[in-house]
Structure formats: structure tokens, C-alpha cells
$ cat run_37.cif   # mmCIF, C-alpha atoms
data_query
#
loop_
_atom_site.label_atom_id
_atom_site.label_comp_id
_atom_site.auth_asym_id
_atom_site.auth_seq_id
_atom_site.Cartn_x
_atom_site.Cartn_y
_atom_site.Cartn_z
CA MET L 1 4.85 -22.92 -28.38
CA SER L 2 4.33 -25.30 -25.47
CA ASN L 3 2.57 -24.08 -22.36
CA GLN L 4 5.77 -24.12 -20.30
CA ASN L 5 7.60 -21.89 -22.78
CA MET L 6 4.95 -19.18 -22.66
CA PRO L 7 5.49 -16.14 -20.45
CA ILE L 8 3.38 -15.22 -17.45
CA LEU L 9 1.47 -12.03 -18.20
CA VAL L 10 1.37 -9.28 -15.56
CA THR L 11 -1.03 -6.37 -16.02
CA GLY L 12 0.14 -3.26 -14.20
CA GLY L 13 3.64 -1.83 -13.95
CA GLY L 14 3.39 -0.41 -10.44
CA ILE L 15 4.80 -1.69 -7.15
CA GLY L 16 2.61 -4.81 -7.14
CA GLY L 17 3.27 -5.63 -10.77
CA PHE L 18 7.04 -5.43 -10.50
CA ALA L 19 7.10 -7.24 -7.15
CA ALA L 20 5.14 -10.05 -8.81
CA ALA L 21 7.46 -10.03 -11.81
CA LEU L 22 10.49 -10.29 -9.53
CA ALA L 23 8.99 -13.18 -7.54
CA LEU L 24 8.05 -15.01 -10.75
CA ALA L 25 11.43 -14.38 -12.38
CA LYS L 26 13.12 -15.92 -9.34
CA ARG L 27 11.07 -19.07 -10.06
CA GLY L 28 12.43 -19.15 -13.64
CA PHE L 29 9.43 -17.82 -15.54
CA LYS L 30 9.55 -15.43 -18.48
CA ILE L 31 7.45 -12.35 -17.78
CA GLN L 32 5.60 -9.80 -19.88
CA ILE L 33 4.48 -6.67 -17.98
CA PHE L 34 1.74 -4.51 -19.49
CA GLU L 35 1.46 -0.88 -18.39
CA GLN L 36 -1.16 1.52 -19.72
CA ALA L 37 0.98 4.62 -19.11
CA PRO L 38 3.38 5.64 -21.89
CA GLU L 39 6.39 4.92 -19.68
CA ILE L 40 7.22 2.99 -16.53
CA GLY L 41 7.35 5.14 -13.42
CA GLU L 42 5.75 5.78 -10.06
CA ILE L 43 3.83 8.90 -9.10
CA GLY L 44 2.68 9.89 -5.64
CA ALA L 45 4.81 10.76 -2.67
CA GLY L 46 5.97 8.93 0.44
CA ILE L 47 4.88 5.67 1.99
CA GLN L 48 5.59 4.04 5.33
CA LEU L 49 7.41 0.74 5.70
CA GLY L 50 6.79 -1.60 8.59
CA PRO L 51 9.13 -4.50 9.40
CA ASN L 52 6.95 -6.75 7.22
CA ALA L 53 7.89 -4.62 4.20
CA PHE L 54 11.59 -5.19 4.87
CA ASN L 55 10.96 -8.91 5.19
CA ALA L 56 9.33 -8.75 1.74
CA PHE L 57 12.25 -6.74 0.29
CA ASP L 58 14.70 -9.35 1.58
CA ALA L 59 12.66 -12.26 0.21
CA LEU L 60 12.54 -10.53 -3.18
CA GLY L 61 16.30 -9.95 -3.10
CA ILE L 62 16.24 -6.14 -3.04
CA GLY L 63 16.75 -5.58 0.68
CA ASP L 64 20.04 -3.70 0.30
CA ARG L 65 18.68 -1.41 -2.42
CA ALA L 66 15.55 -0.49 -0.50
CA ARG L 67 17.39 -0.02 2.80
CA ALA L 68 19.81 2.42 1.18
CA ARG L 69 16.91 4.62 -0.01
CA ALA L 70 14.79 4.60 3.16
CA VAL L 71 14.71 7.07 6.06
CA TYR L 72 14.66 5.36 9.46
CA THR L 73 12.35 7.02 11.95
CA ASP L 74 12.94 7.34 15.69
CA TYR L 75 9.27 7.04 16.58
CA MET L 76 5.65 7.20 15.41
CA VAL L 77 3.46 9.82 17.05
CA MET L 78 -0.20 10.87 17.03
CA HIS L 79 -1.32 14.32 18.19
CA ASP L 80 -4.78 15.78 18.55
CA ALA L 81 -4.96 18.49 15.87
CA ILE L 82 -7.20 20.72 17.99
CA ASP L 83 -5.16 21.05 21.21
CA GLU L 84 -1.80 19.34 20.41
CA TYR L 85 -2.46 16.57 22.99
CA GLN L 86 -0.12 13.61 22.36
CA VAL L 87 -2.51 10.70 21.91
CA GLY L 88 0.16 8.04 21.49
CA ARG L 89 3.85 7.59 20.79
CA ILE L 90 5.62 4.42 19.70
CA GLU L 91 9.40 4.25 19.81
CA THR L 92 10.93 2.60 16.74
CA ASP L 93 14.39 2.26 18.25
CA GLU L 94 16.58 -0.78 18.95
CA LYS L 95 13.87 -2.40 21.09
CA PHE L 96 11.45 -2.21 18.16
CA ILE L 97 14.04 -3.73 15.82
CA GLN L 98 14.79 -6.51 18.31
CA ARG L 99 11.07 -7.27 18.67
CA PHE L 100 10.33 -7.46 14.94
CA GLY L 101 13.70 -8.15 13.35
CA ASN L 102 13.52 -5.09 11.09
CA PRO L 103 13.12 -1.32 11.40
CA TYR L 104 10.30 1.12 10.73
CA ALA L 105 11.04 3.52 7.91
CA VAL L 106 9.59 5.92 5.35
CA ILE L 107 10.46 6.14 1.66
CA HIS L 108 9.40 7.80 -1.57
CA ARG L 109 7.15 5.56 -3.67
CA ALA L 110 9.44 6.06 -6.66
CA ASP L 111 12.40 4.70 -4.66
CA ILE L 112 10.58 1.43 -3.87
CA HIS L 113 9.39 1.15 -7.44
CA GLY L 114 12.87 1.81 -8.80
CA SER L 115 14.35 -0.86 -6.52
CA LEU L 116 11.81 -3.42 -7.76
CA VAL L 117 12.31 -2.52 -11.42
CA GLU L 118 16.10 -2.79 -11.11
CA GLY L 119 15.84 -6.09 -9.26
CA ALA L 120 13.41 -7.59 -11.76
CA GLN L 121 15.48 -6.61 -14.78
CA GLU L 122 18.63 -8.08 -13.22
CA VAL L 123 17.07 -11.37 -12.21
CA GLY L 124 15.10 -12.56 -15.18
CA ASP L 125 13.68 -12.50 -18.67
CA ILE L 126 11.23 -9.59 -18.41
CA GLU L 127 9.64 -7.72 -21.30
CA ILE L 128 7.92 -4.41 -20.53
CA ILE L 129 5.14 -3.24 -22.85
CA THR L 130 3.92 0.32 -22.24
CA ASP L 131 1.00 2.36 -23.62
CA CYS L 132 -1.02 -0.83 -23.37
CA ARG L 133 -4.50 -0.69 -21.84
CA ILE L 134 -6.04 -4.14 -21.46
CA VAL L 135 -9.67 -4.37 -22.56
CA ASN L 136 -10.37 -8.11 -22.54
CA VAL L 137 -9.21 -11.35 -20.91
CA GLU L 138 -9.94 -14.90 -22.09
CA GLN L 139 -8.57 -18.22 -20.85
CA ASP L 140 -8.73 -21.91 -21.65
CA GLN L 141 -7.31 -24.91 -19.84
CA ASP L 142 -3.71 -24.18 -20.83
CA SER L 143 -3.36 -20.44 -21.46
CA VAL L 144 -4.66 -16.90 -21.00
CA THR L 145 -5.01 -14.32 -23.76
CA ILE L 146 -5.35 -10.58 -23.19
CA THR L 147 -6.29 -7.97 -25.76
CA ASP L 148 -5.32 -4.29 -25.57
CA HIS L 149 -7.07 -1.13 -26.74
CA LYS L 150 -5.18 -1.24 -30.05
CA GLY L 151 -6.41 -4.74 -30.88
CA ASN L 152 -3.12 -6.50 -30.07
CA SER L 153 -3.38 -9.91 -28.40
CA TYR L 154 -0.87 -11.54 -26.05
CA THR L 155 -0.98 -15.13 -24.81
CA GLY L 156 0.72 -16.57 -21.74
CA GLN L 157 0.49 -19.57 -19.45
CA ALA L 158 -1.08 -17.43 -16.70
CA LEU L 159 -2.13 -13.87 -15.85
CA ILE L 160 -1.45 -11.82 -12.73
CA GLY L 161 -3.90 -8.93 -12.47
CA ALA L 162 -1.84 -6.29 -10.67
CA ASP L 163 -3.63 -3.45 -12.40
CA GLY L 164 -4.57 -1.47 -9.32
CA VAL L 165 -7.69 -0.13 -7.72
CA LYS L 166 -9.60 0.11 -11.01
CA SER L 167 -8.51 -3.34 -12.19
CA VAL L 168 -9.82 -4.47 -15.58
CA VAL L 169 -9.01 -8.07 -14.61
CA ARG L 170 -11.07 -7.80 -11.41
CA GLU L 171 -13.94 -6.25 -13.33
CA LYS L 172 -13.91 -9.25 -15.69
CA TYR L 173 -13.99 -11.91 -12.96
CA VAL L 174 -15.54 -10.22 -9.91
CA GLY L 175 -17.40 -7.14 -11.18
CA ASP L 176 -18.06 -5.70 -7.72
CA PRO L 177 -18.65 -2.00 -7.06
CA ALA L 178 -16.13 0.39 -5.55
CA LEU L 179 -17.15 1.88 -2.20
CA VAL L 180 -16.39 5.60 -2.37
CA THR L 181 -15.47 6.83 1.10
CA GLY L 182 -16.11 10.53 0.62
CA HIS L 183 -12.61 11.10 2.04
CA VAL L 184 -10.36 13.30 -0.08
CA VAL L 185 -6.55 13.19 0.09
CA TYR L 186 -4.06 15.83 -1.01
CA ARG L 187 -0.41 14.75 -1.21
CA ALA L 188 2.77 16.77 -1.64
CA VAL L 189 6.54 16.55 -1.22
CA VAL L 190 8.09 19.72 0.21
CA PRO L 191 11.81 20.68 0.30
CA LYS L 192 13.31 20.80 3.79
CA ALA L 193 14.06 24.52 3.42
CA GLU L 194 10.33 25.22 3.07
CA PHE L 195 9.18 22.87 5.82
CA PRO L 196 8.46 24.34 9.31
CA GLU L 197 11.43 23.90 11.62
CA ASP L 198 9.24 23.10 14.61
CA LEU L 199 7.84 20.08 12.74
CA GLN L 200 11.11 18.68 11.38
CA TRP L 201 10.85 15.52 13.43
CA ASN L 202 12.44 12.22 12.43
CA ALA L 203 9.12 10.51 12.90
CA ALA L 204 6.01 9.27 11.15
CA SER L 205 3.66 11.92 12.51
CA ILE L 206 -0.10 12.30 12.35
CA TRP L 207 -2.39 15.09 13.56
CA VAL L 208 -5.95 13.80 14.01
CA GLY L 209 -8.95 16.10 13.93
CA PRO L 210 -12.72 16.07 13.47
CA ASN L 211 -13.38 14.62 10.00
CA CYS L 212 -9.77 15.31 8.98
CA HIS L 213 -6.13 14.51 9.62
CA LEU L 214 -2.63 15.54 8.51
CA VAL L 215 0.49 13.39 8.13
CA HIS L 216 4.16 14.38 7.74
CA TYR L 217 7.51 12.63 7.74
CA PRO L 218 10.99 13.04 6.18
CA LEU L 219 12.08 11.56 2.85
CA ARG L 220 15.36 11.12 0.97
CA GLY L 221 17.80 11.67 3.80
CA GLY L 222 15.63 14.37 5.36
CA GLU L 223 16.07 16.70 2.39
CA GLU L 224 12.33 16.53 1.66
CA TYR L 225 9.16 16.09 3.69
CA ASN L 226 6.05 14.19 2.76
CA VAL L 227 2.78 15.97 3.55
CA VAL L 228 -0.65 14.32 3.36
CA VAL L 229 -3.87 16.19 4.07
CA THR L 230 -7.16 14.24 4.37
CA PHE L 231 -10.73 15.43 4.98
CA HIS L 232 -14.36 14.33 4.61
CA SER L 233 -15.74 16.03 1.52
CA ARG L 234 -19.02 17.95 1.50
CA GLU L 235 -19.44 16.98 -2.15
CA GLN L 236 -20.66 13.78 -3.74
CA GLU L 237 -17.29 12.32 -4.68
CA GLU L 238 -16.38 10.01 -7.53
CA TRP L 239 -13.37 7.72 -7.22
CA GLY L 240 -10.39 9.26 -8.98
CA VAL L 241 -7.79 12.00 -9.20
CA LYS L 242 -8.30 15.58 -10.34
CA ASP L 243 -7.04 19.10 -9.69
CA GLY L 244 -7.98 20.68 -6.40
CA SER L 245 -7.39 24.03 -4.76
CA LYS L 246 -5.78 25.51 -1.68
CA GLU L 247 -9.04 27.31 -0.96
CA GLU L 248 -10.90 24.01 -0.74
CA VAL L 249 -8.39 22.55 1.71
CA LEU L 250 -8.38 25.62 3.94
CA SER L 251 -12.17 25.48 4.21
CA TYR L 252 -12.00 22.07 5.91
CA PHE L 253 -9.48 22.87 8.63
CA GLU L 254 -11.02 25.61 10.72
CA GLY L 255 -10.35 25.04 14.42
CA ILE L 256 -7.05 23.23 13.87
CA CYS L 257 -4.18 24.33 16.11
CA PRO L 258 -1.63 26.73 14.52
CA LYS L 259 1.22 24.18 14.69
CA ALA L 260 -0.64 21.62 12.57
CA ARG L 261 -2.24 24.27 10.40
CA GLN L 262 1.18 25.17 9.00
CA LEU L 263 1.06 21.92 7.01
CA ILE L 264 -1.84 22.96 4.82
CA GLU L 265 -0.01 26.10 3.71
CA LEU L 266 2.85 24.06 2.23
CA PRO L 267 1.87 22.21 -0.96
CA GLN L 268 2.44 23.97 -4.26
CA SER L 269 0.65 21.34 -6.34
CA TRP L 270 -2.97 20.63 -5.55
CA ARG L 271 -3.91 17.19 -6.87
CA ARG L 272 -6.77 15.58 -4.99
CA TRP L 273 -7.49 11.88 -4.65
CA ALA L 274 -11.07 10.84 -3.86
CA THR L 275 -10.56 7.50 -2.12
CA ALA L 276 -12.44 4.20 -2.19
CA ASP L 277 -12.06 0.60 -1.20
CA ARG L 278 -14.07 -2.56 -1.90
CA GLU L 279 -15.60 -5.23 0.27
CA PRO L 280 -13.10 -8.03 0.94
CA ILE L 281 -13.67 -11.10 -1.23
CA ASP L 282 -12.79 -14.74 -0.62
CA GLN L 283 -12.05 -15.59 -4.25
CA TRP L 284 -9.66 -13.75 -6.50
CA THR L 285 -8.16 -16.75 -8.32
CA TYR L 286 -9.92 -18.09 -11.42
CA GLY L 287 -8.06 -20.95 -13.03
CA ARG L 288 -4.92 -19.47 -14.57
CA VAL L 289 -5.80 -15.91 -13.55
CA THR L 290 -5.24 -14.37 -10.13
CA LEU L 291 -5.29 -10.88 -8.64
CA LEU L 292 -2.56 -9.17 -6.63
CA GLY L 293 -2.16 -5.94 -4.64
CA ASP L 294 -4.82 -3.26 -4.95
CA ALA L 295 -6.60 -5.27 -7.64
CA ALA L 296 -7.23 -8.02 -5.06
CA HIS L 297 -7.78 -5.98 -1.89
CA PRO L 298 -8.02 -2.20 -2.44
CA THR L 299 -7.92 -0.38 0.88
CA THR L 300 -7.96 3.09 2.31
CA GLN L 301 -4.64 4.52 3.49
CA TYR L 302 -5.21 4.50 7.26
CA MET L 303 -3.13 1.41 8.03
CA ALA L 304 -0.26 2.60 5.77
CA GLN L 305 -0.01 -0.91 4.34
CA GLY L 306 -1.14 -0.81 0.70
CA ALA L 307 2.27 -1.21 -0.92
CA CYS L 308 3.43 -3.56 1.85
CA MET L 309 0.48 -5.89 1.18
CA ALA L 310 1.25 -5.96 -2.56
CA MET L 311 4.84 -7.00 -1.86
CA GLU L 312 3.70 -9.61 0.65
CA ASP L 313 1.35 -10.95 -2.03
CA ALA L 314 4.25 -11.29 -4.47
CA VAL L 315 6.46 -13.13 -1.97
CA THR L 316 3.62 -15.46 -1.01
CA LEU L 317 2.88 -16.21 -4.66
CA GLY L 318 6.52 -17.07 -5.22
CA GLU L 319 6.53 -19.40 -2.21
CA ALA L 320 3.33 -21.10 -3.38
CA LEU L 321 4.99 -21.76 -6.74
CA ARG L 322 8.09 -23.09 -4.99
CA ILE L 323 6.24 -25.67 -2.89
CA THR L 324 4.14 -26.83 -5.87
CA ASN L 325 7.15 -27.07 -8.20
CA ASN L 326 5.72 -24.27 -10.37
CA ASN L 327 2.26 -25.82 -10.74
CA ILE L 328 0.46 -22.60 -11.54
CA VAL L 329 -3.16 -23.58 -10.92
CA GLU L 330 -2.35 -25.26 -7.61
CA ALA L 331 -0.05 -22.41 -6.53
CA PHE L 332 -2.66 -19.75 -7.32
CA GLU L 333 -5.15 -21.53 -5.05
CA ILE L 334 -2.64 -21.79 -2.18
CA TYR L 335 -1.64 -18.16 -2.64
CA GLN L 336 -5.27 -17.07 -2.42
CA ARG L 337 -5.94 -19.09 0.75
CA ALA L 338 -2.80 -17.68 2.36
CA ARG L 339 -3.72 -14.07 1.64
CA VAL L 340 -7.49 -13.60 1.85
CA ALA L 341 -7.95 -13.27 5.62
CA ARG L 342 -4.83 -11.16 6.23
CA THR L 343 -5.58 -8.66 3.49
CA ALA L 344 -9.25 -8.49 4.49
CA ARG L 345 -8.13 -7.66 8.02
CA ILE L 346 -6.12 -4.76 6.61
CA VAL L 347 -9.12 -3.44 4.64
CA LEU L 348 -11.46 -3.67 7.64
CA SER L 349 -8.91 -2.37 10.15
CA SER L 350 -8.17 0.57 7.89
CA ARG L 351 -11.84 1.56 7.90
CA GLU L 352 -11.90 1.45 11.69
CA MET L 353 -8.64 3.38 11.97
CA GLY L 354 -10.13 6.08 9.76
CA LYS L 355 -13.00 6.43 12.25
CA LEU L 356 -10.52 6.78 15.10
CA TYR L 357 -8.48 9.40 13.30
CA HIS L 358 -11.51 11.50 12.43
CA ALA L 359 -13.40 11.21 15.71
CA LYS L 360 -15.19 14.25 17.10
CA GLY L 361 -17.13 15.12 20.25
CA VAL L 362 -17.29 12.34 22.84
CA GLN L 363 -15.72 9.87 20.40
CA ARG L 364 -12.69 12.14 20.20
CA MET L 365 -12.42 12.05 24.01
CA VAL L 366 -12.62 8.26 23.98
CA ARG L 367 -9.94 8.09 21.27
CA ASN L 368 -7.63 10.33 23.27
CA ASP L 369 -8.10 8.10 26.34
CA LEU L 370 -7.62 4.89 24.40
CA TRP L 371 -3.82 4.68 24.47
CA ARG L 372 -3.07 6.85 27.52
CA GLY L 373 -0.22 5.34 29.49
CA ARG L 374 0.38 2.48 27.06
CA SER L 375 4.06 1.53 26.83
CA SER L 376 5.90 0.95 23.58
CA GLU L 377 5.93 -2.75 24.48
CA GLY L 378 2.14 -2.64 24.73
CA PHE L 379 1.96 -1.15 21.25
CA TYR L 380 4.40 -3.75 19.95
CA GLU L 381 2.18 -6.58 21.18
CA ALA L 382 -0.86 -5.04 19.51
CA MET L 383 1.03 -4.78 16.20
CA ALA L 384 2.63 -8.22 16.26
CA TRP L 385 0.01 -9.74 13.92
CA LEU L 386 0.95 -7.18 11.30
CA TYR L 387 4.69 -6.74 11.63
CA SER L 388 5.71 -10.36 12.32
CA TRP L 389 4.89 -11.57 8.79
CA ASN L 390 7.83 -13.10 6.89
CA VAL L 391 8.68 -15.55 4.13
CA ASP L 392 8.81 -18.47 6.58
CA ASN L 393 5.24 -17.99 7.86
CA CYS L 394 3.61 -16.52 4.75
CA LEU L 395 1.84 -19.78 3.79
CA ASP L 396 0.63 -20.70 7.28
CA ALA L 397 -2.92 -19.47 6.72
CA ALA L 398 -3.23 -21.62 3.59
CA LYS L 399 -2.66 -24.73 5.71
CA HIS L 400 -5.22 -23.57 8.25
CA TYR L 401 -7.99 -22.71 5.81
CA SER L 402 -7.56 -25.72 3.56
CA GLY L 403 -7.08 -28.39 6.18
CA THR L 404 -4.20 -29.70 4.05
CA ALA L 405 -0.45 -29.65 4.47
CA ALA L 406 0.29 -26.95 1.92
#

$ encode --input "run_37.cif" --output "C-alpha cells"
Amino acid sequence: MSNQNMPILVTGGGIGGFAAALALAKRGFKIQIFEQAPEIGEIGAGIQLGPNAFNAFDALGIGDRARARAVYTDYMVMHDAIDEYQVGRIETDEKFIQRFGNPYAVIHRADIHGSLVEGAQEVGDIEIITDCRIVNVEQDQDSVTITDHKGNSYTGQALIGADGVKSVVREKYVGDPALVTGHVVYRAVVPKAEFPEDLQWNAASIWVGPNCHLVHYPLRGGEEYNVVVTFHSREQEEWGVKDGSKEEVLSYFEGICPKARQLIELPQSWRRWATADREPIDQWTYGRVTLLGDAAHPTTQYMAQGACMAMEDAVTLGEALRITNNNIVEAFEIYQRARVARTARIVLSSREMGKLYHAKGVQRMVRNDLWRGRSSEGFYEAMAWLYSWNVDNCLDAAKHYSGTAA
């Protein structure tokens, strides 16, 4: 088989993996997706979608699907969880849409994932291989070969490592340590009938407290609500997911106002995520192998941009292939240059945002003063670097950092 007839291999069947598959299929490549779970699907709960996410949906050709499944918020709001003080409010109305060209919305992770899977299967030649845990990666000048835990080998003309925060591909080429934050997250989706009426706002809402915060917003036409509870653990945490308990959560939220405290009484399922990120890196492309999404730039959740960044990655990769006429090695280098600084800014900004959310004492007072009196337009200007990304400007940074006309 000639190099050009080989598929591109994609490890990871999550949002990043299928976004990459869709972008590659649109460039005419055959794709093989490898997922270690026994079936393709998306767990978790809700995620937030900035205008940049909608620009990515449109570039990937699934804008209509995703828009039909999203809930469009009227505003974003931050309250102090101790005294209910409104720290900041950003309208996401017509003025917001005019400023950024797209709305702000919230959606269930499974609804994004489903939209990407449907789009990928419609567009191109995509084979999905499940129950397949990759254990080794090798490459030569013309191809990449991966081996799974059963001893099966697969060869393609390139490999996209979209295998998430514990990426096997990243471990092979980078081998850097995870930085465990000590922050623990509980997530749940609650039916509207069980959600407090006085919190049924059409908004992305956060309650910020000392060493903790709570998030809630509507999903699926307002019939469900997403609830996220985060706190600084007293334990020595290890990165991963395990069962938790209501008793543990309650022990971290003493002193929280009754209105916000209602949220921690809601979840029926107590799965806890101990979070981590990694230091940003300036190289994640190695010949015919590149990283994408959380494998390239794992981040904490405080900027609400993890899935959005993975989709931006996929669009940018597709554009890099377009301008190089599908020259994979050249495109991978351009893609990396275009994405490194922006995604690093997300990782670093997320760390700082976490400090703001969890401020206590005098720092809490400073945080509550920080945005007092700021207009929505003032917030819009501050967010322009993030929300103004689109397919037309996605390669601009590659030109800047290379000194060439990419």
C-alpha cells in the first residue's frame, strides 16, 4: 500500500478525536479511530460554549446540529457564595452576538460528541475500532505504526494523539509529569423538577467561595440542570476518577450561604474527579505524529474552554493541511506553531482564574472589587482574544512565530 492510500490514525474517540477525524475527512483522508472503551460515547455532564466554539462547529460543518442541541443563555453571572454579593454579570444578548458573531450557550457533552460523530460518519471514510488500548507507537519516514494491548498492529501515514489527559502518545514523545491540583470536582445532571426554583436561571452561574465554588446552568431545553461542585481537598490526591460521598462534599462547604448550599444537596451520583494539568510545552509534533486537545494542552476547568480548544485544534489542523496541499509533515508543524501560544494562555489563565474563584480573606475582597461597575462592553473587550477566534484567523500565529508566510 502506498503512503497516500494509508489511513490517518487517531487515538481517542472523544470530542477531540472525532473533531480531528471530521477535519481530516473533509480533506479527503481515510481515518481509523481507536478508542479504549468498549463502545463510543461521552460521559460527563454539561459544558459551556463560547462564540469560538460555534465558529469551530461551523468550520467542521456541524453548526446546525450543535445549535439545535444547545441552550442559549441570557447572561453569565458570578456571586460570592458567602454573602450572595454579585461580583460580575455579563449579558449574552444581541449585543454580545453582534460583538462576536455567535452566541454563548451551554450543552451536554454527549450532544456535542454525538454531533461530531454523526458529522464524521456522513463526511468520510472512517473506521472506528473500540476496546483498543494503545501501548506503543513507532514511526519511520513514511508511516506510523501503533500496537494495542492485544498485540494488534495498525499502520497509517500519520497519527493524531487525541487520547486525552493521560495520553499514551504524549507519554511516548514528551514524558512530562502531570501536575495534580488538589482540587476535586463533583459533577451531576439534575432534572428540572428537582432543581431549586429560585436558582432556575437561564444563565451560566457560578458561586465562588473560599477554596471552593459551585456552578449551575440549564441543559436540554431547560429540562435538566448541570451542577458542578469544586473544592480544595485535604487529602493527598491522585489524578483520576473514583466514587465519592455526600458527606465529604458537605464537609467542605461550611459557611456557604443557604441559597448556594442547596446545590450540594442535589446530586444523586457521587463521582469525584481529582484534577490536574501539565506545564505548557512548545513542541507536540514529532514527524508524522502530533497531539491534539487534552493530550496536547490539558487544563483545569476554570476557563470552560477544554472542549472548545480541542475543536479549534481540529479546525486549525484541517486548515494547515489545506494550505500545504495535504503535506502532513509540513502541516503538522504549522498547526503546532498556530496553537502553542493560544492553548498555553488557556492553561495559564485557567490556573489564575481558579485562584480568583477560590480567594479568601483580603484576596476575596480584592476579587469582589475587581469587576465592580464594569459594563458588559468592558467584559467583551477583555474576552475578545478568546472569543474572536475563527477559521479565517486560526493560522495567524503560525505566520508570526515562524517568520514565514504560512

$ closest_residue --input "run_37.cif" --among "L:Gly209, L:Pro103, L:Gly293, L:Gly354" --to "Gly13 of chain L" --atoms "only C-alpha atoms"
L:Gly293

$ axis_aligned_box --input "run_37.cif" --around "segment 342-352 of chain L" --padding-each-side "3 Å" --output "AutoDock Vina command-line options"
--center_x -8.4 --center_y -4.8 --center_z 7.6 --size_x 13.1 --size_y 18.7 --size_z 14.2

$ residues_around --input "run_37.cif" --residues "Arg351 of chain L" --least-positions-apart "2" --cutoff "12 Å" --atoms "all atoms listed in the file" --output "number ranges by chain"
L: 179-181, 183, 275-280, 298-304, 344-349, 353-358

$ resolve_selection --input "run_37.cif" --expression "the PyMOL selection byres ((chain L and resi 51) around 10)" --output "PyMOL selection string"
chain L and resi 49-50+52-57+96-97+99-105+308+386-390

$ resolve_selection --input "run_37.cif" --expression "the PyMOL selection byres ((chain L and resi 246-258) around 8)" --output "list in words"
Ala81, Ile82, Asp83, Glu84, Gly209, Cys212, Phe231, Gly244, Ser245, Lys259, Ala260, Arg261, Gln262, Ile264, Glu265 and Trp270 of chain L

$ closest_residue --input "run_37.cif" --among "L:Ser143, L:Asn202, L:Thr230, L:Thr343" --to "Thr92 of chain L" --atoms "all atoms listed in the file"
L:Asn202

$ decode --input "run_37.cif" --residues "segment 55-71 of chain L" --atoms "N, CA, C and O atoms" --output "tab-separated table (two decimals), in the first residue's frame"
chain	number	residue	atom	x	y	z
L	55	ASN	N	-17.88	28.98	16.03
L	55	ASN	CA	-17.07	29.14	14.82
L	55	ASN	C	-16.43	27.81	14.43
L	55	ASN	O	-16.33	27.48	13.24
L	56	ALA	N	-15.99	27.04	15.43
L	56	ALA	CA	-15.41	25.72	15.13
L	56	ALA	C	-16.47	24.77	14.59
L	56	ALA	O	-16.22	24.04	13.62
L	57	PHE	N	-17.65	24.75	15.20
L	57	PHE	CA	-18.75	23.90	14.70
L	57	PHE	C	-19.02	24.20	13.22
L	57	PHE	O	-19.16	23.28	12.41
L	58	ASP	N	-19.10	25.48	12.90
L	58	ASP	CA	-19.41	25.87	11.52
L	58	ASP	C	-18.31	25.42	10.57
L	58	ASP	O	-18.57	24.91	9.48
L	59	ALA	N	-17.05	25.61	10.97
L	59	ALA	CA	-15.93	25.21	10.12
L	59	ALA	C	-15.90	23.71	9.90
L	59	ALA	O	-15.49	23.23	8.84
L	60	LEU	N	-16.36	22.96	10.91
L	60	LEU	CA	-16.40	21.50	10.80
L	60	LEU	C	-17.66	21.00	10.09
L	60	LEU	O	-17.81	19.80	9.85
L	61	GLY	N	-18.59	21.91	9.82
L	61	GLY	CA	-19.80	21.54	9.08
L	61	GLY	C	-20.92	20.96	9.93
L	61	GLY	O	-21.85	20.35	9.39
L	62	ILE	N	-20.85	21.17	11.26
L	62	ILE	CA	-21.92	20.63	12.12
L	62	ILE	C	-22.62	21.75	12.90
L	62	ILE	O	-23.23	21.51	13.93
L	63	GLY	N	-22.53	22.97	12.38
L	63	GLY	CA	-23.12	24.11	13.08
L	63	GLY	C	-24.60	23.94	13.36
L	63	GLY	O	-25.07	24.21	14.47
L	64	ASP	N	-25.36	23.50	12.37
L	64	ASP	CA	-26.81	23.36	12.55
L	64	ASP	C	-27.14	22.31	13.61
L	64	ASP	O	-28.03	22.50	14.44
L	65	ARG	N	-26.43	21.18	13.57
L	65	ARG	CA	-26.67	20.12	14.54
L	65	ARG	C	-26.42	20.61	15.97
L	65	ARG	O	-27.22	20.39	16.87
L	66	ALA	N	-25.26	21.23	16.16
L	66	ALA	CA	-24.89	21.66	17.50
L	66	ALA	C	-25.82	22.76	18.01
L	66	ALA	O	-26.23	22.75	19.17
L	67	ARG	N	-26.17	23.69	17.13
L	67	ARG	CA	-27.06	24.78	17.53
L	67	ARG	C	-28.42	24.26	17.99
L	67	ARG	O	-29.02	24.78	18.93
L	68	ALA	N	-28.89	23.22	17.33
L	68	ALA	CA	-30.21	22.68	17.68
L	68	ALA	C	-30.21	22.02	19.06
L	68	ALA	O	-31.27	21.88	19.68
L	69	ARG	N	-29.04	21.63	19.55
L	69	ARG	CA	-28.96	20.89	20.82
L	69	ARG	C	-28.51	21.77	21.99
L	69	ARG	O	-28.48	21.31	23.13
L	70	ALA	N	-28.14	23.01	21.70
L	70	ALA	CA	-27.61	23.90	22.74
L	70	ALA	C	-28.73	24.67	23.44
L	70	ALA	O	-29.84	24.79	22.91
L	71	VAL	N	-28.43	25.16	24.63
L	71	VAL	CA	-29.31	26.08	25.36
L	71	VAL	C	-28.62	27.44	25.38
L	71	VAL	O	-27.46	27.55	25.79
